[in-house]
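Shown next: entry03.csv, given as CSV, C-alpha atoms.
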chain,number,residue,atom,x,y,z
A,1,MET,CA,97.7,21.1,128.3
A,2,ARG,CA,95.8,17.9,128.0
A,3,ILE,CA,97.2,14.6,126.7
A,4,VAL,CA,95.4,11.3,126.9
A,5,ILE,CA,97.1,8.2,125.5
A,6,SER,CA,95.0,5.3,124.4
A,7,ASN,CA,96.6,1.9,124.0
A,8,GLN,CA,93.7,0.8,121.8
A,9,SER,CA,94.3,3.6,119.3
A,10,GLU,CA,95.3,2.9,115.7
A,11,LEU,CA,97.9,5.7,116.0
A,12,PRO,CA,101.2,5.0,117.6
A,13,ILE,CA,101.8,6.8,120.9
A,14,TYR,CA,104.2,9.5,119.5
A,15,ALA,CA,101.5,10.4,116.9
A,16,GLN,CA,98.8,10.6,119.5
A,17,ILE,CA,101.0,13.1,121.5
A,18,ARG,CA,101.8,15.1,118.3
A,19,GLU,CA,98.2,15.3,117.2
A,20,GLN,CA,96.8,16.2,120.6
A,21,ILE,CA,99.3,19.0,121.1
A,22,LYS,CA,98.7,20.2,117.5
A,23,GLU,CA,95.0,20.3,118.0
A,24,GLN,CA,95.3,22.4,121.1
A,25,ILE,CA,97.6,24.8,119.4
A,26,LEU,CA,95.3,25.1,116.4
A,27,ASN,CA,92.3,25.7,118.7
A,28,GLY,CA,94.1,28.3,120.7
A,29,LEU,CA,94.0,26.3,123.9
A,30,ILE,CA,97.8,26.4,124.1
A,31,ASN,CA,99.0,30.0,123.5
A,32,GLU,CA,101.9,31.3,121.7
A,33,GLY,CA,105.0,31.4,123.8
A,34,THR,CA,103.9,28.6,126.1
A,35,VAL,CA,106.8,26.5,127.3
A,36,LEU,CA,105.9,22.8,126.9
A,37,PRO,CA,107.1,20.3,129.5
A,38,SER,CA,110.6,18.9,128.7
A,39,ILE,CA,110.7,15.6,126.7
A,40,ARG,CA,111.9,13.8,129.8
A,41,GLN,CA,109.3,15.2,132.1
A,42,LEU,CA,106.5,14.5,129.6
A,43,ALA,CA,107.8,10.9,129.2
A,44,LYS,CA,107.7,10.4,132.9
A,45,GLU,CA,104.3,11.9,133.3
A,46,LEU,CA,102.8,9.8,130.5
A,47,GLY,CA,104.8,6.7,131.5
A,48,VAL,CA,106.2,6.4,128.0
A,49,SER,CA,109.7,6.2,126.6
A,50,VAL,CA,111.9,9.3,126.1
A,51,ILE,CA,112.4,8.4,122.4
A,52,THR,CA,108.6,8.5,122.0
A,53,THR,CA,108.2,12.0,123.3
A,54,THR,CA,111.3,13.2,121.5
A,55,ARG,CA,109.8,12.0,118.2
A,56,ALA,CA,106.5,13.8,118.9
A,57,TYR,CA,108.3,17.1,119.6
A,58,ASN,CA,110.7,16.7,116.6
A,59,GLU,CA,107.7,16.3,114.3
A,60,LEU,CA,105.9,19.3,115.9
A,61,GLU,CA,109.0,21.3,115.3
A,62,SER,CA,109.5,20.3,111.7
A,63,GLU,CA,105.8,21.2,111.1
A,64,GLY,CA,106.5,24.6,112.5
A,65,PHE,CA,104.3,24.4,115.6
A,66,ILE,CA,107.0,24.6,118.2
A,67,SER,CA,110.6,25.6,118.3
A,68,SER,CA,113.2,24.4,120.7
A,69,VAL,CA,115.4,27.1,122.4
A,70,GLN,CA,118.6,26.0,124.0
A,71,GLY,CA,118.3,26.2,127.8
A,72,LYS,CA,114.6,27.1,127.6
A,73,GLY,CA,112.9,24.1,126.2
A,74,SER,CA,110.2,23.8,123.6
A,75,ILE,CA,108.1,26.9,122.9
A,76,VAL,CA,104.9,27.2,121.1
A,77,ARG,CA,105.4,29.4,118.0
A,78,LYS,CA,103.1,32.2,116.8
A,79,ARG,CA,100.1,30.9,115.0
A,80,ASP,CA,100.7,31.5,111.4
A,81,ASN,CA,97.4,31.6,109.5
A,82,ASN,CA,98.9,30.1,106.4
A,83,MET,CA,100.2,27.2,108.4
A,84,ILE,CA,96.8,26.6,109.9
A,85,ARG,CA,95.1,26.7,106.6
A,86,GLU,CA,97.7,24.3,105.3
A,87,GLN,CA,96.8,21.9,108.1
A,88,TYR,CA,93.1,22.0,107.5
A,89,LEU,CA,93.7,21.7,103.7
A,90,LYS,CA,95.6,18.5,104.5
A,91,ARG,CA,92.8,17.2,106.5
A,92,ILE,CA,90.2,17.9,103.8
A,93,GLU,CA,92.4,16.1,101.3
A,94,GLU,CA,92.8,13.1,103.6
A,95,GLY,CA,89.0,13.0,104.1
A,96,LEU,CA,88.3,13.1,100.4
A,97,GLU,CA,91.0,10.5,99.7
A,98,SER,CA,89.5,8.1,102.1
A,99,ALA,CA,86.0,8.7,100.6
A,100,PHE,CA,87.4,8.0,97.1
A,101,ALA,CA,89.1,4.8,98.3
A,102,THR,CA,85.9,3.6,99.8
A,103,ALA,CA,84.0,4.4,96.6
A,104,LYS,CA,86.5,2.5,94.6
A,105,LEU,CA,86.1,-0.6,96.8
A,106,ILE,CA,82.4,-0.9,95.8
A,107,GLY,CA,83.1,0.1,92.2
A,108,MET,CA,81.1,3.4,92.3
A,109,SER,CA,81.2,5.4,89.1
A,110,LYS,CA,82.6,8.9,88.9
A,111,GLU,CA,79.1,10.2,88.1
A,112,GLU,CA,77.6,8.7,91.3
A,113,LEU,CA,80.4,10.1,93.3
A,114,LYS,CA,79.9,13.6,91.8
A,115,GLU,CA,76.2,13.3,92.6
A,116,ILE,CA,76.9,12.7,96.3
A,117,PHE,CA,79.4,15.5,96.4
A,118,GLU,CA,76.9,17.9,94.7
A,119,ALA,CA,74.2,16.8,97.1
A,120,LEU,CA,76.4,17.5,100.1
A,121,LEU,CA,77.3,20.9,98.7
A,122,GLN,CA,73.6,21.7,98.3
A,123,GLU,CA,72.9,20.8,101.9
A,124,GLU,CA,75.4,23.4,103.1
B,125,MET,CA,128.1,10.4,125.5
B,126,ASN,CA,127.4,6.7,126.0
B,127,THR,CA,126.8,5.6,129.6
B,128,LEU,CA,127.5,2.0,128.6
B,129,GLU,CA,129.6,0.6,125.8
B,130,VAL,CA,130.0,-3.1,125.3
B,131,CYS,CA,132.1,-4.4,122.5
B,132,GLY,CA,132.7,-8.0,121.5
B,133,LEU,CA,132.0,-9.4,124.9
B,134,GLN,CA,132.8,-13.0,125.3
B,135,LYS,CA,132.4,-15.6,128.1
B,136,ASN,CA,133.0,-19.3,127.7
B,137,TYR,CA,131.5,-22.0,130.0
B,138,LYS,CA,131.5,-25.7,129.4
B,139,ASP,CA,127.9,-25.8,128.4
B,140,PHE,CA,127.2,-22.2,127.5
B,141,CYS,CA,128.9,-19.4,125.6
B,142,LEU,CA,128.2,-15.7,125.5
B,143,LYS,CA,129.3,-14.7,122.0
B,144,ASP,CA,130.3,-11.3,120.7
B,145,ILE,CA,127.8,-9.1,122.6
B,146,SER,CA,128.0,-5.5,121.6
B,147,LEU,CA,125.8,-2.5,122.5
B,148,GLU,CA,125.9,1.2,123.0
B,149,LEU,CA,123.5,2.8,125.4
B,150,PRO,CA,123.5,6.7,125.3
B,151,ALA,CA,123.1,8.7,128.5
B,152,GLY,CA,119.6,9.4,129.5
B,153,TYR,CA,117.8,6.3,128.2
B,154,ILE,CA,116.3,3.0,129.4
B,155,CYS,CA,117.3,-0.3,127.7
B,156,GLY,CA,115.4,-3.5,128.1
B,157,TYR,CA,117.7,-6.6,128.0
B,158,VAL,CA,115.3,-9.3,127.0
B,159,GLY,CA,115.6,-13.0,126.5
B,160,GLN,CA,114.4,-16.4,127.8
B,161,ASN,CA,115.7,-17.9,131.0
B,162,GLY,CA,119.2,-19.2,130.3
B,163,ALA,CA,119.7,-16.9,127.3
B,164,GLY,CA,122.7,-15.2,128.9
B,165,LYS,CA,121.2,-12.1,130.5
B,166,THR,CA,122.6,-12.6,134.0
B,167,THR,CA,126.0,-13.6,132.6
B,168,THR,CA,126.1,-10.3,130.7
B,169,LEU,CA,125.2,-8.3,133.7
B,170,ASP,CA,127.7,-10.1,135.9
B,171,LEU,CA,130.4,-9.2,133.4
B,172,ILE,CA,129.3,-5.5,133.3
B,173,THR,CA,129.2,-5.3,137.1
B,174,HIS,CA,132.5,-7.1,137.1
B,175,GLN,CA,131.3,-9.8,139.4
B,176,LYS,CA,132.7,-12.2,136.8
B,177,LYS,CA,135.7,-11.8,134.5
B,178,SER,CA,135.1,-11.9,130.7
B,179,ASP,CA,137.1,-14.0,128.2
B,180,GLY,CA,137.2,-11.2,125.7
B,181,GLY,CA,135.8,-7.8,124.8
B,182,VAL,CA,135.6,-4.4,126.2
B,183,ILE,CA,133.1,-2.8,128.7
B,184,LYS,CA,133.1,0.9,129.4
B,185,ILE,CA,130.9,2.9,131.7
B,186,ASN,CA,130.9,6.6,131.0
B,187,GLY,CA,133.9,5.9,128.8
B,188,MET,CA,135.9,4.1,131.5
B,189,GLU,CA,137.0,0.5,131.7
B,190,TYR,CA,137.1,-1.4,135.0
B,191,LYS,CA,140.9,-1.8,135.0
B,192,GLU,CA,141.5,2.0,134.7
B,193,ASN,CA,139.9,2.7,138.1
B,194,PRO,CA,138.1,-0.3,139.7
B,195,LYS,CA,136.8,1.8,142.7
B,196,LYS,CA,135.3,4.5,140.6
B,197,TYR,CA,133.9,2.0,138.1
B,198,LYS,CA,132.0,0.3,140.9
B,199,GLU,CA,130.9,3.6,142.3
B,200,MET,CA,129.2,4.4,139.0
B,201,ILE,CA,127.0,1.3,139.1
B,202,GLY,CA,123.8,0.7,141.0
B,203,TYR,CA,122.6,-2.9,141.0
B,204,VAL,CA,119.3,-4.4,141.9
B,205,ARG,CA,118.2,-8.0,141.6
B,206,ASP,CA,115.1,-10.0,142.5
B,207,MET,CA,116.6,-11.3,145.8
B,208,CYS,CA,117.9,-9.0,148.4
B,209,TYR,CA,121.7,-9.1,148.5
B,210,PHE,CA,122.2,-7.6,152.0
B,211,PRO,CA,123.1,-10.0,154.8
B,212,ASN,CA,120.0,-11.6,156.3
B,213,ASP,CA,120.6,-10.6,159.9
B,214,PHE,CA,121.3,-7.0,159.2
B,215,THR,CA,119.0,-4.1,160.0
B,216,LEU,CA,118.6,-0.8,158.2
B,217,LEU,CA,121.2,0.8,160.4
B,218,ASP,CA,123.8,-1.9,159.7
B,219,ILE,CA,123.3,-1.5,156.0
B,220,GLN,CA,123.7,2.2,156.3
B,221,ARG,CA,127.0,1.6,158.0
B,222,ILE,CA,128.4,-0.8,155.4
B,223,LEU,CA,127.3,1.3,152.5
B,224,LYS,CA,129.0,4.4,154.0
B,225,ASP,CA,132.2,2.4,154.4
B,226,PHE,CA,131.9,1.0,150.9
B,227,TYR,CA,131.0,4.0,148.8
B,228,GLU,CA,132.5,7.5,148.8
B,229,THR,CA,129.5,9.3,147.5
B,230,PHE,CA,127.0,7.6,149.9
B,231,GLU,CA,124.9,10.2,151.7
B,232,GLU,CA,123.4,9.0,155.0
B,233,ASP,CA,120.7,11.6,155.1
B,234,LYS,CA,119.5,10.8,151.7
B,235,PHE,CA,119.4,7.1,152.5
B,236,MET,CA,117.4,7.6,155.8
B,237,ASN,CA,115.0,10.0,154.0
B,238,LEU,CA,114.2,7.5,151.3
B,239,CYS,CA,113.8,4.7,153.9
B,240,LYS,CA,111.3,6.9,155.8
B,241,LYS,CA,109.5,7.9,152.6
B,242,TRP,CA,109.1,4.2,151.8
B,243,ASN,CA,108.2,3.2,155.4
B,244,LEU,CA,111.0,0.7,155.8
B,245,PRO,CA,111.1,-0.5,159.4
B,246,GLU,CA,114.4,0.4,161.2
B,247,LYS,CA,114.5,-2.5,163.7
B,248,LYS,CA,113.3,-5.4,161.5
B,249,LYS,CA,115.9,-7.7,160.2
B,250,ILE,CA,116.3,-8.0,156.4
B,251,LYS,CA,115.1,-11.6,156.4
B,252,ASP,CA,111.8,-10.4,157.7
B,253,TYR,CA,111.3,-7.8,155.0
B,254,SER,CA,108.7,-8.4,152.3
B,255,LYS,CA,109.7,-8.6,148.7
B,256,GLY,CA,108.5,-5.0,148.1
B,257,MET,CA,110.4,-3.7,151.1
B,258,SER,CA,113.6,-5.5,150.0
B,259,ILE,CA,113.5,-3.9,146.6
B,260,ARG,CA,112.8,-0.4,148.0
B,261,LEU,CA,115.8,-0.9,150.3
B,262,MET,CA,118.1,-1.8,147.5
B,263,PHE,CA,116.9,1.3,145.6
B,264,ALA,CA,117.4,3.5,148.7
B,265,GLY,CA,121.0,2.3,148.8
B,266,ILE,CA,121.6,3.2,145.2
B,267,LEU,CA,119.7,6.5,145.1
B,268,ALA,CA,121.6,7.8,148.1
B,269,ARG,CA,124.8,7.8,146.1
B,270,ASP,CA,126.1,9.2,142.8
B,271,THR,CA,125.7,6.5,140.2
B,272,LYS,CA,125.6,6.6,136.4
B,273,LEU,CA,124.2,3.2,135.4
B,274,LEU,CA,121.4,1.4,137.1
B,275,ILE,CA,121.3,-2.3,136.4
B,276,LEU,CA,118.3,-4.4,137.2
B,277,ASP,CA,118.5,-8.2,136.9
B,278,GLU,CA,115.0,-9.6,136.8
B,279,ALA,CA,114.2,-7.2,139.6
B,280,THR,CA,110.5,-7.0,139.0
B,281,ASN,CA,110.0,-10.8,139.2
B,282,GLY,CA,107.3,-11.6,141.7
B,283,LEU,CA,106.5,-8.0,142.6
B,284,ASP,CA,102.9,-7.0,143.0
B,285,PRO,CA,101.5,-4.6,140.4
B,286,VAL,CA,101.7,-1.6,142.7
B,287,VAL,CA,105.3,-2.0,143.5
B,288,LYS,CA,106.1,-2.8,139.9
B,289,GLN,CA,104.6,0.5,138.9
B,290,GLU,CA,106.6,2.3,141.6
B,291,VAL,CA,109.8,0.8,140.2
B,292,LEU,CA,109.0,2.0,136.7
B,293,GLU,CA,108.5,5.5,138.1
B,294,ILE,CA,111.8,5.3,140.0
B,295,LEU,CA,113.5,4.4,136.7
B,296,GLN,CA,112.0,7.3,134.8
B,297,ASP,CA,113.0,9.6,137.6
B,298,TYR,CA,116.5,8.2,137.4
B,299,ILE,CA,117.0,9.3,133.8
B,300,GLN,CA,115.4,12.7,134.2
B,301,ASP,CA,118.6,14.7,134.1
B,302,GLY,CA,119.6,13.0,130.9
B,303,GLU,CA,123.0,11.9,132.3
B,304,ARG,CA,122.2,8.5,133.7
B,305,SER,CA,120.9,5.3,132.1
B,306,VAL,CA,119.1,2.1,133.0
B,307,LEU,CA,119.8,-1.5,131.8
B,308,PHE,CA,116.9,-3.7,132.8
B,309,SER,CA,117.0,-7.4,132.2
B,310,THR,CA,113.8,-9.4,132.1
B,311,HIS,CA,112.1,-12.3,130.4
B,312,ILE,CA,108.8,-10.6,130.8
B,313,LEU,CA,108.9,-7.9,128.2
B,314,SER,CA,105.6,-6.3,129.2
B,315,ASP,CA,107.2,-5.3,132.5
B,316,ILE,CA,109.4,-2.7,130.7
B,317,GLU,CA,107.9,-2.3,127.2
B,318,GLN,CA,106.1,0.9,127.8
B,319,ILE,CA,109.0,2.9,129.1
B,320,ALA,CA,112.0,1.3,127.3
B,321,ASP,CA,113.8,3.4,124.7
B,322,TYR,CA,115.9,0.5,123.5
B,323,ILE,CA,115.4,-3.2,123.3
B,324,PHE,CA,118.3,-5.7,123.2
B,325,PHE,CA,117.2,-9.2,122.5
B,326,ILE,CA,119.5,-12.1,123.4
B,327,HIS,CA,119.0,-15.7,122.6
B,328,LYS,CA,121.4,-18.6,123.4
B,329,GLY,CA,124.2,-16.2,124.2
B,330,LYS,CA,123.9,-14.3,120.9
B,331,LYS,CA,122.5,-10.9,120.0
B,332,ILE,CA,119.4,-11.2,117.9
B,333,PHE,CA,118.6,-7.5,117.6
B,334,TYR,CA,119.3,-4.2,119.3
B,335,ASP,CA,117.4,-1.1,118.3
B,336,THR,CA,115.1,1.6,119.6
B,337,LYS,CA,111.6,0.3,120.4
B,338,GLU,CA,110.1,2.6,117.8
B,339,GLU,CA,112.3,1.2,115.0
B,340,ILE,CA,111.5,-2.4,116.0
B,341,ALA,CA,107.8,-1.6,116.1
B,342,GLU,CA,107.9,-0.1,112.6
B,343,LYS,CA,110.1,-2.7,111.1
B,344,TYR,CA,107.8,-5.6,111.5
B,345,LEU,CA,104.1,-6.5,110.9
B,346,LEU,CA,102.0,-9.3,112.1
B,347,VAL,CA,100.4,-11.0,109.1
B,348,LYS,CA,97.4,-13.3,109.2
B,349,GLY,CA,95.5,-15.0,106.4
B,350,GLY,CA,93.9,-18.1,104.9
B,351,LEU,CA,96.0,-21.0,103.7
B,352,GLU,CA,95.4,-20.2,100.0
B,353,GLU,CA,97.1,-16.8,100.5
B,354,LEU,CA,100.2,-18.5,101.8
B,355,THR,CA,102.3,-18.6,98.6
B,356,ASP,CA,105.8,-20.0,98.5
B,357,ALA,CA,107.2,-16.4,98.1
B,358,ALA,CA,105.3,-15.3,101.1
B,359,SER,CA,106.1,-18.2,103.4
B,360,GLY,CA,109.8,-17.8,102.7
B,361,LYS,CA,109.7,-14.3,104.2
B,362,ILE,CA,107.5,-14.9,107.2
B,363,LYS,CA,109.2,-15.5,110.5
B,364,GLY,CA,107.7,-17.8,113.1
B,365,LEU,CA,105.1,-19.1,110.7
B,366,LYS,CA,102.2,-20.8,112.4
B,367,LYS,CA,99.8,-22.8,110.3
B,368,THR,CA,96.4,-24.2,111.4
B,369,SER,CA,93.7,-25.8,109.4
B,370,VAL,CA,91.9,-22.5,108.9
B,371,GLY,CA,94.8,-20.1,108.3
B,372,PHE,CA,98.3,-18.9,109.2
B,373,GLU,CA,100.0,-16.2,111.2
B,374,GLY,CA,103.5,-14.9,111.4
B,375,ILE,CA,105.8,-11.9,111.4
B,376,ILE,CA,107.1,-10.2,108.3
B,377,GLU,CA,109.3,-7.2,107.7
B,378,SER,CA,107.2,-4.2,106.7
B,379,ASP,CA,109.2,-3.7,103.5
B,380,GLU,CA,108.5,-7.3,102.4
B,381,SER,CA,104.8,-7.0,102.9
B,382,THR,CA,104.2,-6.1,99.2
B,383,CYS,CA,104.6,-9.8,98.3
B,384,LEU,CA,101.5,-10.6,100.3
B,385,SER,CA,98.0,-11.1,98.9
B,386,VAL,CA,95.7,-8.2,99.5
B,387,LYS,CA,93.4,-10.6,101.4
B,388,CYS,CA,96.0,-10.9,104.2
B,389,VAL,CA,95.3,-9.0,107.4
B,390,LEU,CA,98.2,-6.9,108.6
B,391,GLU,CA,98.5,-5.7,112.2
B,392,LYS,CA,101.0,-4.0,114.5
B,393,PRO,CA,102.6,-6.8,116.5
B,394,THR,CA,103.5,-6.5,120.1
B,395,ILE,CA,107.3,-6.9,120.6
B,396,ASP,CA,106.6,-10.1,122.4
B,397,LYS,CA,105.1,-11.5,119.2
B,398,ILE,CA,108.2,-10.5,117.3
B,399,VAL,CA,110.5,-12.1,119.9
B,400,VAL,CA,108.5,-15.3,119.9
B,401,ALA,CA,108.7,-15.5,116.1
B,402,PHE,CA,112.4,-15.0,116.1
B,403,ILE,CA,112.9,-17.7,118.7
B,404,LYS,CA,110.6,-20.1,116.8
B,405,ASP,CA,112.6,-19.6,113.6
B,406,MET,CA,115.9,-20.3,115.2
B,407,GLU,CA,114.7,-23.4,116.9
B,408,GLU,CA,113.7,-24.9,113.5

Taking this structure as input, can you express it in the form of C-alpha cells?
Amino acid sequence: MRIVISNQSELPIYAQIREQIKEQILNGLINEGTVLPSIRQLAKELGVSVITTTRAYNELESEGFISSVQGKGSIVRKRDNNMIREQYLKRIEEGLESAFATAKLIGMSKEELKEIFEALLQEE
Amino acid sequence: MNTLEVCGLQKNYKDFCLKDISLELPAGYICGYVGQNGAGKTTTLDLITHQKKSDGGVIKINGMEYKENPKKYKEMIGYVRDMCYFPNDFTLLDIQRILKDFYETFEEDKFMNLCKKWNLPEKKKIKDYSKGMSIRLMFAGILARDTKLLILDEATNGLDPVVKQEVLEILQDYIQDGERSVLFSTHILSDIEQIADYIFFIHKGKKIFYDTKEEIAEKYLLVKGGLEELTDAASGKIKGLKKTSVGFEGIIESDESTCLSVKCVLEKPTIDKIVVAFIKDMEE
C-alpha cells in the first residue's frame, strides 16, 4: 500500500488517505482480504492524528470498500463490480458538473456546450 | 473510558483565576492544551498532577480522584517539562535509584535500555546534559513504568527540530495500545498540530473551545475581500476582523458564510489563525 500526504493539497488529510486507498482497491493494487494497518499504526506512520485515520477508515467502510472485523482489523472487501461502476459514474458526474459550472461562469449557451460535447464524442 | 476527566476546575490567585475548566479526554488520544503565556496552562497541569491544590472542581485519571488513592494516582501520571526536574548533581544511576524507590511499577532494565538506546552518558551529571538529553532522560523515567496519562508542559520549547520530531514519535508510540493518553501544553500550536486529536484553547483562565481538530478545522473559514464587500451583516459575524486600506481578513463560522458576497475569497484557516482571531475579539 502506498499513501503520500501532501500539505499543499486542497483535500483534507483524511480525504487524501481515503482516496488513495480507494484508488488502489479499484485498480486492484490492494487485493481482497488484505488487512490494512490499524488506525493507530497508520496514524503513527503518517505522523497524523488518530481521529484523522479513523475518519478515513470509517468512510471507506460506509462506502463498502473495507469492513472492520473485531480482533482482526480492517479488511478489504471483495470488489463488487456494481460498486466500482457506481464510483466511476460518480466521477463522471462530478467532471461534467464542474464543466457545466465553468460554462455558466462565462455565460456559454446550451447549444455551444452541446457542440463541444458532440465534438468530444466524435473524437472518441 | 476517559483517561482524564476535569470538571469545573477552579483556582484563585490574587491576580489570576482559573475559572470552571472542564474537559474529557478519552483513552488513546492526544490533546493539545493551547494558550498564550500566562493563560493558565501550567496552573491547570499543576492541579492535574496535584502539585497544587485546587479551589474547586473534580479531576479524575482513569476514573479515580487523587484523594481515593494518592499513590496510585501519582503512579498513573508521567510528567515532562522544558527544564529537567532531576537534581543537578545526580547521575543516571542516582536517578535510577530514586525512581525505583518512588514508583512501584518502575523497571530498571527498561530504563537502562532506553538510556542506552538514546546514548545518555552514565557518568555525566545532569547539569552537564544538553536540552535534548534532559528530555530523553525524563521520557526514559516515564516509559520505564506503567503510566496512563503523559503530561507535557511546554516540553518542546527550545528543542532542535530533530529532537522535536523524536518527541512526537514517542507520543504517538505512547498511545498505540489505545489505553493511554497525552496532554500536551504549548503556546506554539504548530509543535503539536499535526498529531493532536483534540485541541483545548484556554485564554485568561477560561476555556474558549475544546473540540477535535477535525471539527475545529471544518467549523471555521478564513475570509478575505475588498472593503466594499464588508457589509454590516458580514462584519458582525467575522471574528478577529483586520482591515487595511485595500481589503479585510477574518475568521467566520462556515455556516455563516452564506451572508458573504460571492466576491470574497474563502480559505481553510490554520488553527493558529482561528486562535489569534478569538484572542483579538476578546481583547476588544

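Across A:Leu60, A:Ile51, A:Ile13, A:Glu118, the tightest approach to chain B is made by A:Ile51 when counting all atoms listed in the file.
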
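Going from atom CA of Val48 of chain A to atom CA of Val76 of chain A covers 22.0 Å.
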
Original post:
In terms of the shortest atom-to-atom distance over all atoms listed in the file, which of A:Ser74, A:Asn7, A:Gln16, A:Ser62 is closest to chain B?
Top reply: A:Asn7

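The environment of Asp297 of chain B within 12 Å, counting only C-alpha atoms and disregarding residues fewer than 3 places along the same chain, consists of Arg40, Gln41, Leu42, Ala43, Lys44, Glu45, Gly47, Ser49 and Val50 of chain A; Gly152, Tyr153, Ile154, Leu267, Leu274, Glu290, Val291, Leu292, Glu293, Ile294, Gln300, Asp301, Gly302, Glu303, Arg304, Ser305, Val306 and Ile319 of chain B.
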
Centre and edge lengths, as lines of an AutoDock Vina configuration file, for the axis-aligned box enclosing every listed atom of segment 374-382 of chain B with 4 Å of padding on each of the six sides, in Å to one decimal?
center_x = 106.4
center_y = -9.3
center_z = 105.3
size_x = 13.8
size_y = 19.2
size_z = 20.2

Subject >> Radius query 8 Å about (96.6, 24.5, 114.0), atoms used: only C-alpha atoms, as a PyMOL selection string >> reply: chain A and resi 22-27+65+79+83-85+87-88

Please produce a file of those selected residues containing C-alpha atoms, as a compact mmCIF listing (two decimals), in the coordinates of the input.
# COMPACT_ATOMS: atom_id res chain seq x y z
CA LYS A 22 98.70 20.20 117.50
CA GLU A 23 95.00 20.30 118.00
CA GLN A 24 95.30 22.40 121.10
CA ILE A 25 97.60 24.80 119.40
CA LEU A 26 95.30 25.10 116.40
CA ASN A 27 92.30 25.70 118.70
CA PHE A 65 104.30 24.40 115.60
CA ARG A 79 100.10 30.90 115.00
CA MET A 83 100.20 27.20 108.40
CA ILE A 84 96.80 26.60 109.90
CA ARG A 85 95.10 26.70 106.60
CA GLN A 87 96.80 21.90 108.10
CA TYR A 88 93.10 22.00 107.50

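Closest to chain A among B:Val389, B:Ala320, B:Ile312, B:Leu216 is B:Ala320, based on only C-alpha atoms.
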
**OP:** Identify, on the basis of only C-alpha atoms, every residue whose closest approach to Pro12 of chain A does not exceed 10 Å; exclude the query and any residue fewer than 4 positions from it along the same chain; express the result as a PyMOL selection string.
**Re:** (chain A and resi 5-8+16-17+52) or (chain B and resi 338+341-342+392)

Original post:
Quick one: distance from atom CA of Ile145 of chain B to atom CA of Gly159 of chain B in Å, one decimal?
Top reply: 13.4 Å

Original post:
In Å, how far is it from atom CA of Ala101 of chain A to atom CA of Gly350 of chain B?
Top reply: 24.3 Å

Original post:
Nearest to Phe333 of chain B: which of B:Leu244, B:Ile183, B:Ile403, B:Val204 is it, counting only C-alpha atoms?
Top reply: B:Ile403

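With all atoms listed in the file as the atoms that count, the minimum distance from chain A to the choices B:Ile323, B:Leu147, B:Leu354, B:Ala268 is reached by B:Ile323.
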
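Closest to Gln220 of chain B among B:Asp206, B:Glu246, B:Glu408, B:Asp321 is B:Glu246, based on all atoms listed in the file.
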
Go ahead and find all residues with at least one atom no further than 12 Å from (110.2, 26.2, 120.0) in the file's coordinates, using all atoms listed in the file; report them as a JSON list (two decimals) with C-alpha atoms, in the coordinates of the input.
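The resulting out-v6.json:
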[["chain", "number", "residue", "atom", "x", "y", "z"],
["A", 32, "GLU", "CA", 101.90, 31.30, 121.70],
["A", 33, "GLY", "CA", 105.00, 31.40, 123.80],
["A", 34, "THR", "CA", 103.90, 28.60, 126.10],
["A", 35, "VAL", "CA", 106.80, 26.50, 127.30],
["A", 36, "LEU", "CA", 105.90, 22.80, 126.90],
["A", 37, "PRO", "CA", 107.10, 20.30, 129.50],
["A", 38, "SER", "CA", 110.60, 18.90, 128.70],
["A", 57, "TYR", "CA", 108.30, 17.10, 119.60],
["A", 58, "ASN", "CA", 110.70, 16.70, 116.60],
["A", 59, "GLU", "CA", 107.70, 16.30, 114.30],
["A", 60, "LEU", "CA", 105.90, 19.30, 115.90],
["A", 61, "GLU", "CA", 109.00, 21.30, 115.30],
["A", 62, "SER", "CA", 109.50, 20.30, 111.70],
["A", 63, "GLU", "CA", 105.80, 21.20, 111.10],
["A", 64, "GLY", "CA", 106.50, 24.60, 112.50],
["A", 65, "PHE", "CA", 104.30, 24.40, 115.60],
["A", 66, "ILE", "CA", 107.00, 24.60, 118.20],
["A", 67, "SER", "CA", 110.60, 25.60, 118.30],
["A", 68, "SER", "CA", 113.20, 24.40, 120.70],
["A", 69, "VAL", "CA", 115.40, 27.10, 122.40],
["A", 70, "GLN", "CA", 118.60, 26.00, 124.00],
["A", 71, "GLY", "CA", 118.30, 26.20, 127.80],
["A", 72, "LYS", "CA", 114.60, 27.10, 127.60],
["A", 73, "GLY", "CA", 112.90, 24.10, 126.20],
["A", 74, "SER", "CA", 110.20, 23.80, 123.60],
["A", 75, "ILE", "CA", 108.10, 26.90, 122.90],
["A", 76, "VAL", "CA", 104.90, 27.20, 121.10],
["A", 77, "ARG", "CA", 105.40, 29.40, 118.00],
["A", 78, "LYS", "CA", 103.10, 32.20, 116.80]]

**OP:** Pick out the residues sitting within 9 Å of Leu346 of chain B, and hand them over as a list in words; count all atoms listed in the file, and ignore anything fewer than 4 positions along from it in its own chain.
**Re:** Glu373, Gly374, Ile375, Ile376, Glu377, Val389, Leu390, Glu391, Lys392, Pro393, Thr394, Lys397 and Ile398 of chain B
